[in-house]
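Chemist: Data file target-v1.cif (mmCIF, C-alpha atoms) is appended below.
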data_protein
#
loop_
_atom_site.group_PDB
_atom_site.id
_atom_site.type_symbol
_atom_site.label_atom_id
_atom_site.label_comp_id
_atom_site.auth_asym_id
_atom_site.auth_seq_id
_atom_site.Cartn_x
_atom_site.Cartn_y
_atom_site.Cartn_z
ATOM 1 C CA MET A 11 5.972 2.909 8.745
ATOM 2 C CA THR A 12 6.256 -0.235 10.855
ATOM 3 C CA PHE A 13 7.714 -3.711 10.447
ATOM 4 C CA ARG A 14 6.172 -6.909 11.739
ATOM 5 C CA LEU A 15 6.855 -10.642 11.575
ATOM 6 C CA ARG A 16 4.186 -13.157 10.638
ATOM 7 C CA CYS A 17 4.125 -16.941 10.417
ATOM 8 C CA ALA A 18 1.362 -18.956 8.741
ATOM 9 C CA PRO A 19 0.728 -22.632 7.925
ATOM 10 C CA LEU A 20 1.905 -23.526 4.434
ATOM 11 C CA ASP A 21 0.425 -26.088 2.083
ATOM 12 C CA PRO A 22 3.484 -27.288 0.105
ATOM 13 C CA CYS A 23 1.278 -28.168 -2.873
ATOM 14 C CA LYS A 24 -0.527 -24.820 -3.075
ATOM 15 C CA GLY A 25 1.724 -22.316 -1.359
ATOM 16 C CA PHE A 26 0.486 -18.720 -1.500
ATOM 17 C CA PRO A 27 -0.475 -18.033 -5.130
ATOM 18 C CA ASP A 28 -0.915 -14.309 -4.560
ATOM 19 C CA GLU A 29 -0.424 -11.584 -1.987
ATOM 20 C CA GLY A 30 -4.075 -11.705 -0.996
ATOM 21 C CA SER A 31 -3.906 -15.345 0.087
ATOM 22 C CA TRP A 32 -0.996 -14.498 2.377
ATOM 23 C CA HIS A 33 -2.839 -11.556 3.936
ATOM 24 C CA VAL A 34 -5.856 -13.656 4.930
ATOM 25 C CA ALA A 35 -3.809 -16.636 6.153
ATOM 26 C CA GLU A 36 -4.123 -17.343 9.860
ATOM 27 C CA ASN A 37 -1.124 -16.277 11.907
ATOM 28 C CA ILE A 38 0.359 -18.968 14.159
ATOM 29 C CA TRP A 39 3.556 -19.480 16.156
ATOM 30 C CA PRO A 40 4.813 -23.097 16.315
ATOM 31 C CA GLU A 41 5.768 -24.154 19.824
ATOM 32 C CA THR A 42 9.135 -25.489 18.663
ATOM 33 C CA ALA A 43 10.172 -22.448 16.612
ATOM 34 C CA TYR A 44 12.233 -19.560 17.975
ATOM 35 C CA PHE A 45 13.016 -16.265 16.251
ATOM 36 C CA LEU A 46 15.830 -13.754 16.644
ATOM 37 C CA LEU A 47 16.286 -10.422 14.877
ATOM 38 C CA ASN A 48 19.760 -8.913 15.023
ATOM 39 C CA ASP A 49 20.478 -11.286 17.948
ATOM 40 C CA HIS A 50 17.428 -10.046 19.880
ATOM 41 C CA VAL A 51 15.150 -12.884 20.986
ATOM 42 C CA LEU A 52 11.610 -12.278 19.748
ATOM 43 C CA GLU A 53 8.701 -13.155 21.976
ATOM 44 C CA PRO A 54 5.810 -14.718 20.032
ATOM 45 C CA ARG A 55 2.416 -13.277 20.917
ATOM 46 C CA ARG A 56 0.551 -16.503 21.502
ATOM 47 C CA LYS A 57 -3.136 -17.302 21.608
ATOM 48 C CA LEU A 58 -3.102 -18.177 25.308
ATOM 49 C CA HIS A 59 -2.290 -14.600 26.302
ATOM 50 C CA HIS A 60 -3.861 -12.571 23.486
ATOM 51 C CA GLY A 61 -6.891 -14.616 22.439
ATOM 52 C CA ARG A 62 -5.271 -15.339 19.071
ATOM 53 C CA TYR A 63 -1.802 -15.490 17.567
ATOM 54 C CA LEU A 64 -0.603 -11.968 16.798
ATOM 55 C CA PRO A 65 2.258 -10.697 14.600
ATOM 56 C CA ILE A 66 5.475 -9.586 16.296
ATOM 57 C CA ASP A 67 6.317 -5.889 16.030
ATOM 58 C CA LEU A 68 9.887 -5.497 14.759
ATOM 59 C CA THR A 69 9.948 -1.731 14.278
ATOM 60 C CA ASP A 70 12.197 -0.874 17.232
ATOM 61 C CA LEU A 71 14.636 -3.673 16.390
ATOM 62 C CA VAL A 72 15.154 -2.864 12.712
ATOM 63 C CA SER A 73 18.303 -0.890 12.017
ATOM 64 C CA GLU A 74 19.477 0.944 8.928
ATOM 65 C CA GLY A 75 21.287 -1.301 6.489
ATOM 66 C CA GLU A 76 21.366 -5.083 6.720
ATOM 67 C CA ASN A 77 19.270 -6.916 9.310
ATOM 68 C CA GLU A 78 19.460 -10.612 10.145
ATOM 69 C CA LEU A 79 16.493 -12.792 11.068
ATOM 70 C CA LYS A 80 17.363 -16.183 12.564
ATOM 71 C CA ILE A 81 14.886 -19.030 12.918
ATOM 72 C CA VAL A 82 15.718 -21.918 15.243
ATOM 73 C CA ILE A 83 13.689 -25.131 15.073
ATOM 74 C CA ASN A 84 13.928 -27.339 18.165
ATOM 75 C CA ARG A 85 12.373 -30.668 17.189
ATOM 76 C CA HIS A 86 13.313 -34.194 18.125
ATOM 77 C CA SER A 87 14.839 -36.225 15.318
ATOM 78 C CA THR A 88 12.083 -38.822 15.702
ATOM 79 C CA ASP A 89 9.293 -36.257 15.353
ATOM 80 C CA ARG A 90 7.598 -36.938 12.015
ATOM 81 C CA SER A 91 4.554 -34.716 12.508
ATOM 82 C CA THR A 92 3.692 -32.199 9.819
ATOM 83 C CA PHE A 93 5.732 -29.035 10.114
ATOM 84 C CA SER A 94 5.250 -26.650 7.215
ATOM 85 C CA PHE A 95 5.119 -22.902 7.740
ATOM 86 C CA ALA A 96 5.893 -19.714 5.856
ATOM 87 C CA VAL A 97 7.506 -16.706 7.517
ATOM 88 C CA ALA A 98 7.593 -13.141 6.222
ATOM 89 C CA VAL A 99 8.564 -9.681 7.393
ATOM 90 C CA GLU A 100 5.826 -7.229 6.454
ATOM 91 C CA LEU A 101 6.253 -3.523 5.864
ATOM 92 C CA VAL A 102 3.155 -1.639 7.020
ATOM 93 C CA GLU A 103 2.572 1.864 5.703
ATOM 94 C CA VAL A 104 -0.083 4.386 6.711
ATOM 95 C CA MET A 105 -2.247 6.103 4.096
ATOM 96 C CA SER A 106 -4.582 9.006 4.714
ATOM 97 C CA HIS A 107 -8.286 8.811 3.944
ATOM 98 C CA GLU A 108 -7.876 11.183 1.005
ATOM 99 C CA SER A 109 -4.921 9.298 -0.459
ATOM 100 C CA ILE A 110 -6.869 6.027 -0.376
ATOM 101 C CA ILE A 111 -9.775 7.630 -2.228
ATOM 102 C CA LYS A 112 -7.410 9.002 -4.879
ATOM 103 C CA ALA A 113 -5.614 5.668 -5.226
ATOM 104 C CA VAL A 114 -8.876 3.757 -5.693
ATOM 105 C CA ASN A 115 -10.069 6.252 -8.301
ATOM 106 C CA ARG A 116 -6.880 5.524 -10.229
ATOM 107 C CA GLN A 117 -7.583 1.797 -9.922
ATOM 108 C CA THR A 118 -10.844 1.925 -11.858
ATOM 109 C CA ILE A 119 -12.030 -0.928 -14.062
ATOM 110 C CA PRO A 120 -13.415 0.763 -17.201
ATOM 111 C CA SER A 121 -17.124 0.244 -17.732
ATOM 112 C CA GLU A 122 -16.555 -1.507 -21.059
ATOM 113 C CA LYS A 123 -14.110 -4.013 -19.571
ATOM 114 C CA SER A 124 -16.269 -4.699 -16.531
ATOM 115 C CA LEU A 125 -19.321 -5.328 -18.690
ATOM 116 C CA ASP A 126 -17.304 -7.450 -21.116
ATOM 117 C CA ASP A 127 -16.102 -9.624 -18.216
ATOM 118 C CA ILE A 128 -19.705 -10.134 -17.116
ATOM 119 C CA LYS A 129 -20.747 -11.128 -20.640
ATOM 120 C CA LYS A 130 -17.878 -13.611 -20.849
ATOM 121 C CA ALA A 131 -18.850 -15.097 -17.493
ATOM 122 C CA LEU A 132 -22.441 -15.534 -18.663
ATOM 123 C CA ALA A 133 -21.334 -17.053 -21.965
ATOM 124 C CA GLY A 134 -19.448 -19.802 -20.160
ATOM 125 C CA PRO A 135 -16.101 -21.377 -21.086
ATOM 126 C CA SER A 136 -15.204 -21.577 -24.752
ATOM 127 C CA SER A 137 -13.838 -24.847 -26.067
ATOM 128 C CA ALA A 138 -12.977 -26.352 -29.417
ATOM 129 C CA ASN A 139 -14.898 -29.466 -28.382
ATOM 130 C CA ASP A 140 -18.171 -27.788 -27.495
ATOM 131 C CA ASP A 141 -20.042 -30.462 -29.474
ATOM 132 C CA ASP A 142 -18.785 -33.154 -27.124
ATOM 133 C CA ASP A 143 -19.063 -31.256 -23.846
ATOM 134 C CA ILE A 144 -22.048 -30.214 -21.794
ATOM 135 C CA VAL A 145 -21.542 -26.563 -20.867
ATOM 136 C CA MET A 146 -23.562 -25.095 -18.004
ATOM 137 C CA THR A 147 -24.241 -21.384 -18.413
ATOM 138 C CA SER A 148 -26.434 -18.866 -16.639
ATOM 139 C CA SER A 149 -28.995 -16.800 -18.502
ATOM 140 C CA SER A 150 -28.385 -13.707 -16.377
ATOM 141 C CA MET A 151 -26.401 -12.305 -13.476
ATOM 142 C CA ILE A 152 -27.869 -10.613 -10.420
ATOM 143 C CA ILE A 153 -25.782 -7.855 -8.831
ATOM 144 C CA LYS A 154 -26.713 -6.517 -5.410
ATOM 145 C CA LEU A 155 -26.400 -2.748 -5.139
ATOM 146 C CA PHE A 156 -27.112 -2.047 -1.471
ATOM 147 C CA ASP A 157 -24.008 -1.644 0.659
ATOM 148 C CA PRO A 158 -23.551 -4.921 2.626
ATOM 149 C CA ILE A 159 -22.267 -3.105 5.716
ATOM 150 C CA THR A 160 -25.356 -0.985 6.371
ATOM 151 C CA CYS A 161 -27.855 -2.851 4.154
ATOM 152 C CA ALA A 162 -29.739 0.453 4.119
ATOM 153 C CA GLN A 163 -28.781 2.254 0.931
ATOM 154 C CA ILE A 164 -27.115 1.967 -2.443
ATOM 155 C CA PHE A 165 -23.382 2.542 -2.726
ATOM 156 C CA THR A 166 -21.865 5.934 -3.477
ATOM 157 C CA LEU A 167 -18.516 4.656 -4.738
ATOM 158 C CA PRO A 168 -18.672 0.950 -5.711
ATOM 159 C CA VAL A 169 -15.547 -1.066 -4.959
ATOM 160 C CA ARG A 170 -14.445 -4.642 -4.441
ATOM 161 C CA GLY A 171 -11.086 -6.383 -4.082
ATOM 162 C CA GLN A 172 -8.847 -7.645 -6.853
ATOM 163 C CA PHE A 173 -9.092 -11.107 -5.293
ATOM 164 C CA CYS A 174 -12.896 -11.074 -4.902
ATOM 165 C CA LEU A 175 -14.740 -13.521 -7.153
ATOM 166 C CA HIS A 176 -18.123 -11.785 -6.833
ATOM 167 C CA ARG A 177 -19.513 -8.763 -8.686
ATOM 168 C CA ASP A 178 -21.409 -7.295 -5.751
ATOM 169 C CA PRO A 179 -19.815 -4.028 -4.589
ATOM 170 C CA PHE A 180 -19.512 -2.321 -1.227
ATOM 171 C CA ASP A 181 -19.333 1.398 -0.573
ATOM 172 C CA LEU A 182 -15.783 2.682 -0.132
ATOM 173 C CA GLU A 183 -16.586 5.528 2.265
ATOM 174 C CA MET A 184 -18.663 3.298 4.532
ATOM 175 C CA PHE A 185 -15.962 0.635 4.466
ATOM 176 C CA LEU A 186 -13.253 3.104 5.491
ATOM 177 C CA GLU A 187 -15.379 4.607 8.252
ATOM 178 C CA THR A 188 -16.133 1.230 9.830
ATOM 179 C CA ARG A 189 -12.567 -0.116 10.019
ATOM 180 C CA LYS A 190 -11.512 -0.995 13.555
ATOM 181 C CA ARG A 191 -9.170 1.452 15.289
ATOM 182 C CA ASP A 192 -7.388 1.108 18.605
ATOM 183 C CA HIS A 193 -8.213 4.732 19.395
ATOM 184 C CA PRO A 194 -10.360 7.399 17.696
ATOM 185 C CA GLY A 195 -8.389 9.171 15.003
ATOM 186 C CA TRP A 196 -5.775 6.427 14.778
ATOM 187 C CA PRO A 197 -5.094 4.482 11.562
ATOM 188 C CA ALA A 198 -7.210 1.389 11.000
ATOM 189 C CA VAL A 199 -5.947 -1.906 12.395
ATOM 190 C CA VAL A 200 -3.945 -3.699 9.703
ATOM 191 C CA ASP A 201 -5.828 -6.996 9.780
ATOM 192 C CA THR A 202 -9.296 -5.470 9.290
ATOM 193 C CA TRP A 203 -8.899 -4.957 5.538
ATOM 194 C CA LEU A 204 -11.172 -7.840 4.586
ATOM 195 C CA CYS A 205 -14.043 -7.832 2.116
ATOM 196 C CA PRO A 206 -17.364 -7.558 3.999
ATOM 197 C CA ILE A 207 -18.868 -10.001 1.489
ATOM 198 C CA CYS A 208 -16.296 -12.774 0.966
ATOM 199 C CA ARG A 209 -13.522 -11.947 3.494
ATOM 200 C CA ALA A 210 -10.865 -11.694 0.778
ATOM 201 C CA CYS A 211 -8.007 -9.214 1.175
ATOM 202 C CA VAL A 212 -9.062 -5.676 0.248
ATOM 203 C CA ALA A 213 -6.083 -3.649 1.422
ATOM 204 C CA PRO A 214 -6.001 -0.219 -0.276
ATOM 205 C CA GLN A 215 -3.585 -1.358 -2.978
ATOM 206 C CA HIS A 216 -5.984 -4.186 -3.887
ATOM 207 C CA LEU A 217 -9.209 -2.166 -4.048
ATOM 208 C CA VAL A 218 -10.740 -1.478 -7.465
ATOM 209 C CA LYS A 219 -13.633 0.737 -8.511
ATOM 210 C CA ASP A 220 -16.186 -0.727 -10.923
ATOM 211 C CA GLY A 221 -16.837 1.740 -13.745
ATOM 212 C CA PHE A 222 -19.898 -0.178 -14.954
ATOM 213 C CA LEU A 223 -21.623 0.110 -11.587
ATOM 214 C CA VAL A 224 -20.752 3.809 -11.440
ATOM 215 C CA GLU A 225 -22.756 4.226 -14.655
ATOM 216 C CA VAL A 226 -25.577 2.066 -13.280
ATOM 217 C CA ARG A 227 -25.879 4.311 -10.241
ATOM 218 C CA LYS A 228 -25.914 7.418 -12.433
ATOM 219 C CA VAL A 229 -28.795 6.047 -14.520
ATOM 220 C CA LEU A 230 -30.752 5.007 -11.430
ATOM 221 C CA GLU A 231 -30.247 8.430 -9.879
ATOM 222 C CA GLU A 232 -31.547 10.150 -13.020
ATOM 223 C CA LYS A 233 -34.664 7.970 -12.897
ATOM 224 C CA GLY A 234 -35.183 8.447 -9.158
ATOM 225 C CA LEU A 235 -34.543 4.758 -8.477
ATOM 226 C CA LEU A 236 -31.748 4.887 -5.907
ATOM 227 C CA GLY A 237 -33.826 2.578 -3.733
ATOM 228 C CA THR A 238 -33.061 -0.268 -6.151
ATOM 229 C CA ARG A 239 -31.502 -3.203 -4.338
ATOM 230 C CA MET A 240 -30.531 -5.400 -7.285
ATOM 231 C CA ILE A 241 -30.136 -5.376 -11.039
ATOM 232 C CA THR A 242 -30.176 -8.221 -13.540
ATOM 233 C CA VAL A 243 -27.568 -8.256 -16.308
ATOM 234 C CA ALA A 244 -28.407 -10.181 -19.484
ATOM 235 C CA PRO A 245 -25.879 -12.061 -21.664
ATOM 236 C CA ASP A 246 -25.907 -9.220 -24.206
ATOM 237 C CA GLY A 247 -24.816 -6.722 -21.552
ATOM 238 C CA SER A 248 -28.170 -5.020 -21.086
ATOM 239 C CA TRP A 249 -29.432 -4.622 -17.559
ATOM 240 C CA LYS A 250 -32.667 -3.890 -15.756
ATOM 241 C CA VAL A 251 -33.920 -3.354 -12.236
ATOM 242 C CA LYS A 252 -34.763 -6.627 -10.517
ATOM 243 C CA GLU A 253 -38.194 -6.425 -8.958
ATOM 244 C CA GLU A 254 -38.406 -7.966 -5.516
ATOM 245 C CA ALA A 255 -41.427 -9.870 -4.298
ATOM 246 C CA GLU A 256 -43.559 -7.836 -1.936
ATOM 247 C CA GLU A 257 -43.028 -10.237 0.919
ATOM 248 C CA GLN A 258 -39.260 -9.980 0.516
ATOM 249 C CA ASN A 259 -39.376 -6.210 0.923
ATOM 250 C CA GLU A 260 -41.450 -6.430 4.089
ATOM 251 C CA ILE A 261 -39.432 -6.621 7.304
ATOM 252 C CA ARG A 262 -40.946 -9.094 9.734
ATOM 253 C CA PHE A 263 -39.575 -9.469 13.237
ATOM 254 C CA PRO A 264 -39.464 -13.029 14.666
ATOM 255 C CA ALA A 265 -41.408 -12.032 17.787
ATOM 256 C CA LEU A 266 -44.165 -10.510 15.653
ATOM 257 C CA LYS A 267 -44.311 -13.626 13.499
ATOM 258 C CA ARG A 268 -44.688 -15.826 16.594
ATOM 259 C CA GLU A 269 -47.507 -13.633 17.912
ATOM 260 C CA GLU A 270 -49.319 -13.819 14.582
ATOM 261 C CA ASN A 271 -48.880 -17.593 14.416
ATOM 262 C CA ASP A 272 -50.160 -18.001 17.984
ATOM 263 C CA ALA A 273 -53.144 -15.798 17.185
ATOM 264 C CA ASN A 274 -53.944 -17.867 14.112
ATOM 265 C CA VAL A 275 -53.691 -21.102 16.095
ATOM 266 C CA ASN A 276 -55.938 -19.768 18.873
ATOM 267 C CA SER A 277 -58.456 -18.504 16.350
ATOM 268 C CA ALA A 278 -58.569 -21.879 14.660
ATOM 269 C CA ALA A 279 -58.988 -23.615 18.024
ATOM 270 C CA GLU A 280 -61.853 -21.332 19.007
ATOM 271 C CA LYS A 281 -63.648 -22.010 15.750
ATOM 272 C CA SER A 282 -63.245 -25.756 16.153
ATOM 273 C CA SER A 283 -64.614 -25.620 19.729
ATOM 274 C CA GLU A 284 -67.821 -23.802 18.776
ATOM 275 C CA PRO A 285 -70.880 -26.102 18.949
ATOM 276 C CA ALA A 286 -72.225 -27.137 15.601
ATOM 277 C CA VAL A 287 -75.991 -26.874 15.087
ATOM 278 C CA ILE A 288 -77.442 -29.620 12.939
ATOM 279 C CA ALA A 289 -81.006 -29.166 11.710
ATOM 280 C CA ILE A 290 -82.990 -32.411 11.329
ATOM 281 C CA ASP A 291 -86.135 -32.282 9.260
#
Would you mind writing the file's structure down as structure tokens?
Modeler:
Amino acid sequence: MTFRLRCAPLDPCKGFPDEGSWHVAENIWPETAYFLLNDHVLEPRRKLHHGRYLPIDLTDLVSEGENELKIVINRHSTDRSTFSFAVAVELVEVMSHESIIKAVNRQTIPSEKSLDDIKKALAGPSSANDDDDIVMTSSSMIIKLFDPITCAQIFTLPVRGQFCLHRDPFDLEMFLETRKRDHPGWPAVVDTWLCPICRACVAPQHLVKDGFLVEVRKVLEEKGLLGTRMITVAPDGSWKVKEEAEEQNEIRFPALKREENDANVNSAAEKSSEPAVIAID
């Protein structure tokens, strides 16, 4: 368990509506702000020395019982520039790989609810004045099944974050294995818990498993279709494999494309340079 201090720009009109928005907020240390914890001066880890603004580790300065954090702002009375920041002390806990898996399994969205949410999204907003409003709805929803980290195979355990607005999942095991660590075997770096699709906060407590996609994978496995990249979900909740165009499945390297284009151009030039024989009767 560790403690750290973070400071982030604050929009007074929006604030931080949820924990996820705070987690993904950029850390920054104002030049005119000074921090003390239990009368110990804290040294901000600034961008000039670390490449980016980093949180301040408070672990060794926190004592049992009451602790006092002081913030001193040294600004001239005539300074009217925008100065709006939020400060928080974060408690960072370490979870084992197994405990994260168990926690996510407990945070499962039932298949019925997940599918019902999709159907509601496809139906569009309901309103008492539907006769007067033009409502734009989609006839279907496409969900990508291949893990976005490897792009090589379908997920094993489909998850996304509570704050993610998309339905596309990523594979939990692959996500955990690819988190940045300072040293092999060490816990993952705190600030790497971001969705590989939308960059929203996906810390372990905010990860959810999609029960509907678990069932989709089971059906595909029974039919020998685990190579399926996408499915299409209809407004009535039915789904089917989305067939990809042949040219989309084919991997073409840029260098190979250039060679083929050059060959086509040269071939066309050679044909145009051949003498034409005109027979005159």
Chemist: Report as CSV the residues of region 20-47 of chain A within 10 Å of region 166-183 of chain A, each with its shortest atom pair and distance in Å (one decimal), using only C-alpha atoms, ordered by chain and increasing residue number.
Modeler:
residue,atom,partner,partner_atom,distance
A:Asp28,CA,A:Phe173,CA,8.8
A:Glu29,CA,A:Phe173,CA,9.3
A:Gly30,CA,A:Phe173,CA,6.6
A:Ser31,CA,A:Phe173,CA,8.6
Chemist: For the PyMOL selection byres ((chain A and resi 206) around 8), applied here, can you spell out every residue it catches as a PyMOL selection string?
Modeler: chain A and resi 158-159+180+204-205+207-209
Chemist: For Leu71 (chain A), list every protein, DNA or RNA residue within 9 Å, evaluated using only C-alpha atoms, and leave out those in the same chain fewer than 2 positions away; present the list as a PyMOL selection string.
Modeler: chain A and resi 47-48+50+67-69+73
Chemist: So which one's closest to Leu217 (chain A), A:Ser121, A:Ala198, A:Val114, A:Leu132? Using all atoms listed in the file, please.
Modeler: A:Val114
Chemist: Return as a VMD selection string the set of residues that the PyMOL selection byres ((chain A and resi 234-244) around 10) yields on the displayed structure.
Modeler: chain A and resid 125 128 to 129 132 148 to 157 161 to 165 178 226 to 233 245 to 254 259
Chemist: Quick one: pull the distance between CA of Tyr63 (chain A) and CA of Val199 (chain A), Å, one decimal.
Modeler: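 We find that CA of Tyr63 (chain A) and CA of Val199 (chain A) lie 15.1 Å from each other.
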Chemist: Could you please determine the separation between CA of Leu46 (chain A) and CA of Phe95 (chain A) in Å, to one decimal place?
Modeler: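 A separation of 16.7 Å between them.
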Chemist: If the PyMOL selection byres ((chain A and resi 116) around 12) were run on this exact file, what residues would it hold? Put them as a ChimeraX atom specification.
Modeler: /A:109-115,117-120,214-221
Chemist: For C-alpha atoms, I'd like the residues from the last selection saved as a PDB file, keeping the file's coordinate frame.
Modeler:
ATOM      1  CA  SER A 109      -4.921   9.298  -0.459  1.00  0.00           C
ATOM      2  CA  ILE A 110      -6.869   6.027  -0.376  1.00  0.00           C
ATOM      3  CA  ILE A 111      -9.775   7.630  -2.228  1.00  0.00           C
ATOM      4  CA  LYS A 112      -7.410   9.002  -4.879  1.00  0.00           C
ATOM      5  CA  ALA A 113      -5.614   5.668  -5.226  1.00  0.00           C
ATOM      6  CA  VAL A 114      -8.876   3.757  -5.693  1.00  0.00           C
ATOM      7  CA  ASN A 115     -10.069   6.252  -8.301  1.00  0.00           C
ATOM      8  CA  GLN A 117      -7.583   1.797  -9.922  1.00  0.00           C
ATOM      9  CA  THR A 118     -10.844   1.925 -11.858  1.00  0.00           C
ATOM     10  CA  ILE A 119     -12.030  -0.928 -14.062  1.00  0.00           C
ATOM     11  CA  PRO A 120     -13.415   0.763 -17.201  1.00  0.00           C
ATOM     12  CA  PRO A 214      -6.001  -0.219  -0.276  1.00  0.00           C
ATOM     13  CA  GLN A 215      -3.585  -1.358  -2.978  1.00  0.00           C
ATOM     14  CA  HIS A 216      -5.984  -4.186  -3.887  1.00  0.00           C
ATOM     15  CA  LEU A 217      -9.209  -2.166  -4.048  1.00  0.00           C
ATOM     16  CA  VAL A 218     -10.740  -1.478  -7.465  1.00  0.00           C
ATOM     17  CA  LYS A 219     -13.633   0.737  -8.511  1.00  0.00           C
ATOM     18  CA  ASP A 220     -16.186  -0.727 -10.923  1.00  0.00           C
ATOM     19  CA  GLY A 221     -16.837   1.740 -13.745  1.00  0.00           C
TER      20      GLY A 221
END
Chemist: If you measure from CA of Ile66 (chain A) to CA of Arg189 (chain A), what distance in Å do you get, rounded to one decimal?
Modeler: 21.3 Å
Chemist: I'd like the neighbourhood of Trp39 (chain A) as a list in words, where a residue qualifies if any of its atoms comes within 7 Å (using all atoms listed in the file), though same-chain residues fewer than 2 positions away should be ignored.
Modeler: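 Those residues are Cys17, Glu41, Pro54, Arg56 and Tyr63 of chain A.
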Chemist: As JSON, please: the centre and edge lengths in Å, to one decimal, of an axis-aligned box enclosing every listed atom of region 157-167 of chain A with 4 Å added on each side.
Modeler:
{"center_x": -24.1, "center_y": 0.5, "center_z": 0.8, "size_x": 19.2, "size_y": 18.9, "size_z": 19.1}
Chemist: Of the candidates A:Lys80, A:Arg85, A:His59, A:Lys123, which one gets nearest to Pro40 (chain A) if we count only C-alpha atoms?
Modeler: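 Distance minimum relative to Pro40 (chain A) lands on A:Arg85.
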Chemist: For Arg14 (chain A), which residue among A:Ser91, A:Leu223, A:Asp127, A:Leu79 is the nearest when counting only C-alpha atoms?
Modeler: A:Leu79
Chemist: Using all atoms listed in the file, which of the listed residues (A:Pro65, A:Val99, A:Glu53, A:Phe45) sits closest to Asn84 (chain A)?
Modeler: A:Phe45
Chemist: Using only C-alpha atoms, pick whichever of A:Ala18, A:Asp49, A:Asn77, A:Pro194 has the shortest atom-to-atom distance to Val34 (chain A).
Modeler: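 Of A:Ala18, A:Asp49, A:Asn77, A:Pro194, the one nearest Val34 (chain A) is A:Ala18, counting only C-alpha atoms.
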Chemist: How about completing region 60-75 of chain A with N, CA and C atoms and giving it to me as a PDB file, keeping the file's coordinate frame?
Modeler:
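As a result, out20.pdb now contains:
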ATOM      1  N   HIS A  60      -3.256 -13.649  24.272  1.00  0.00           N
ATOM      2  CA  HIS A  60      -3.861 -12.571  23.486  1.00  0.00           C
ATOM      3  C   HIS A  60      -5.187 -12.958  22.828  1.00  0.00           C
ATOM      4  N   GLY A  61      -5.645 -14.181  23.053  1.00  0.00           N
ATOM      5  CA  GLY A  61      -6.891 -14.616  22.439  1.00  0.00           C
ATOM      6  C   GLY A  61      -6.703 -15.186  21.049  1.00  0.00           C
ATOM      7  N   ARG A  62      -5.647 -14.793  20.375  1.00  0.00           N
ATOM      8  CA  ARG A  62      -5.271 -15.339  19.071  1.00  0.00           C
ATOM      9  C   ARG A  62      -3.796 -15.037  18.837  1.00  0.00           C
ATOM     10  N   TYR A  63      -3.206 -15.722  17.883  1.00  0.00           N
ATOM     11  CA  TYR A  63      -1.802 -15.490  17.567  1.00  0.00           C
ATOM     12  C   TYR A  63      -1.653 -14.144  16.851  1.00  0.00           C
ATOM     13  N   LEU A  64      -0.778 -13.297  17.362  1.00  0.00           N
ATOM     14  CA  LEU A  64      -0.603 -11.968  16.798  1.00  0.00           C
ATOM     15  C   LEU A  64       0.789 -11.815  16.187  1.00  0.00           C
ATOM     16  N   PRO A  65       0.933 -10.966  15.173  1.00  0.00           N
ATOM     17  CA  PRO A  65       2.258 -10.697  14.600  1.00  0.00           C
ATOM     18  C   PRO A  65       3.186 -10.062  15.636  1.00  0.00           C
ATOM     19  N   ILE A  66       4.478 -10.178  15.402  1.00  0.00           N
ATOM     20  CA  ILE A  66       5.475  -9.586  16.296  1.00  0.00           C
ATOM     21  C   ILE A  66       5.942  -8.261  15.703  1.00  0.00           C
ATOM     22  N   ASP A  67       5.873  -7.209  16.490  1.00  0.00           N
ATOM     23  CA  ASP A  67       6.317  -5.889  16.030  1.00  0.00           C
ATOM     24  C   ASP A  67       7.844  -5.832  16.043  1.00  0.00           C
ATOM     25  N   LEU A  68       8.427  -5.537  14.892  1.00  0.00           N
ATOM     26  CA  LEU A  68       9.887  -5.497  14.759  1.00  0.00           C
ATOM     27  C   LEU A  68      10.429  -4.077  14.632  1.00  0.00           C
ATOM     28  N   THR A  69       9.566  -3.098  14.636  1.00  0.00           N
ATOM     29  CA  THR A  69       9.948  -1.731  14.278  1.00  0.00           C
ATOM     30  C   THR A  69      11.145  -1.219  15.077  1.00  0.00           C
ATOM     31  N   ASP A  70      11.124  -1.412  16.384  1.00  0.00           N
ATOM     32  CA  ASP A  70      12.197  -0.874  17.232  1.00  0.00           C
ATOM     33  C   ASP A  70      13.494  -1.659  17.112  1.00  0.00           C
ATOM     34  N   LEU A  71      13.441  -2.833  16.498  1.00  0.00           N
ATOM     35  CA  LEU A  71      14.636  -3.673  16.390  1.00  0.00           C
ATOM     36  C   LEU A  71      15.294  -3.591  15.014  1.00  0.00           C
ATOM     37  N   VAL A  72      14.603  -2.983  14.064  1.00  0.00           N
ATOM     38  CA  VAL A  72      15.154  -2.864  12.712  1.00  0.00           C
ATOM     39  C   VAL A  72      16.121  -1.688  12.660  1.00  0.00           C
ATOM     40  N   SER A  73      17.290  -1.935  12.127  1.00  0.00           N
ATOM     41  CA  SER A  73      18.303  -0.890  12.017  1.00  0.00           C
ATOM     42  C   SER A  73      18.572  -0.575  10.552  1.00  0.00           C
ATOM     43  N   GLU A  74      19.168   0.553  10.298  1.00  0.00           N
ATOM     44  CA  GLU A  74      19.477   0.944   8.928  1.00  0.00           C
ATOM     45  C   GLU A  74      20.529   0.007   8.348  1.00  0.00           C
ATOM     46  N   GLY A  75      20.349  -0.378   7.117  1.00  0.00           N
ATOM     47  CA  GLY A  75      21.287  -1.301   6.489  1.00  0.00           C
ATOM     48  C   GLY A  75      20.795  -2.730   6.574  1.00  0.00           C
TER      49      GLY A  75
END
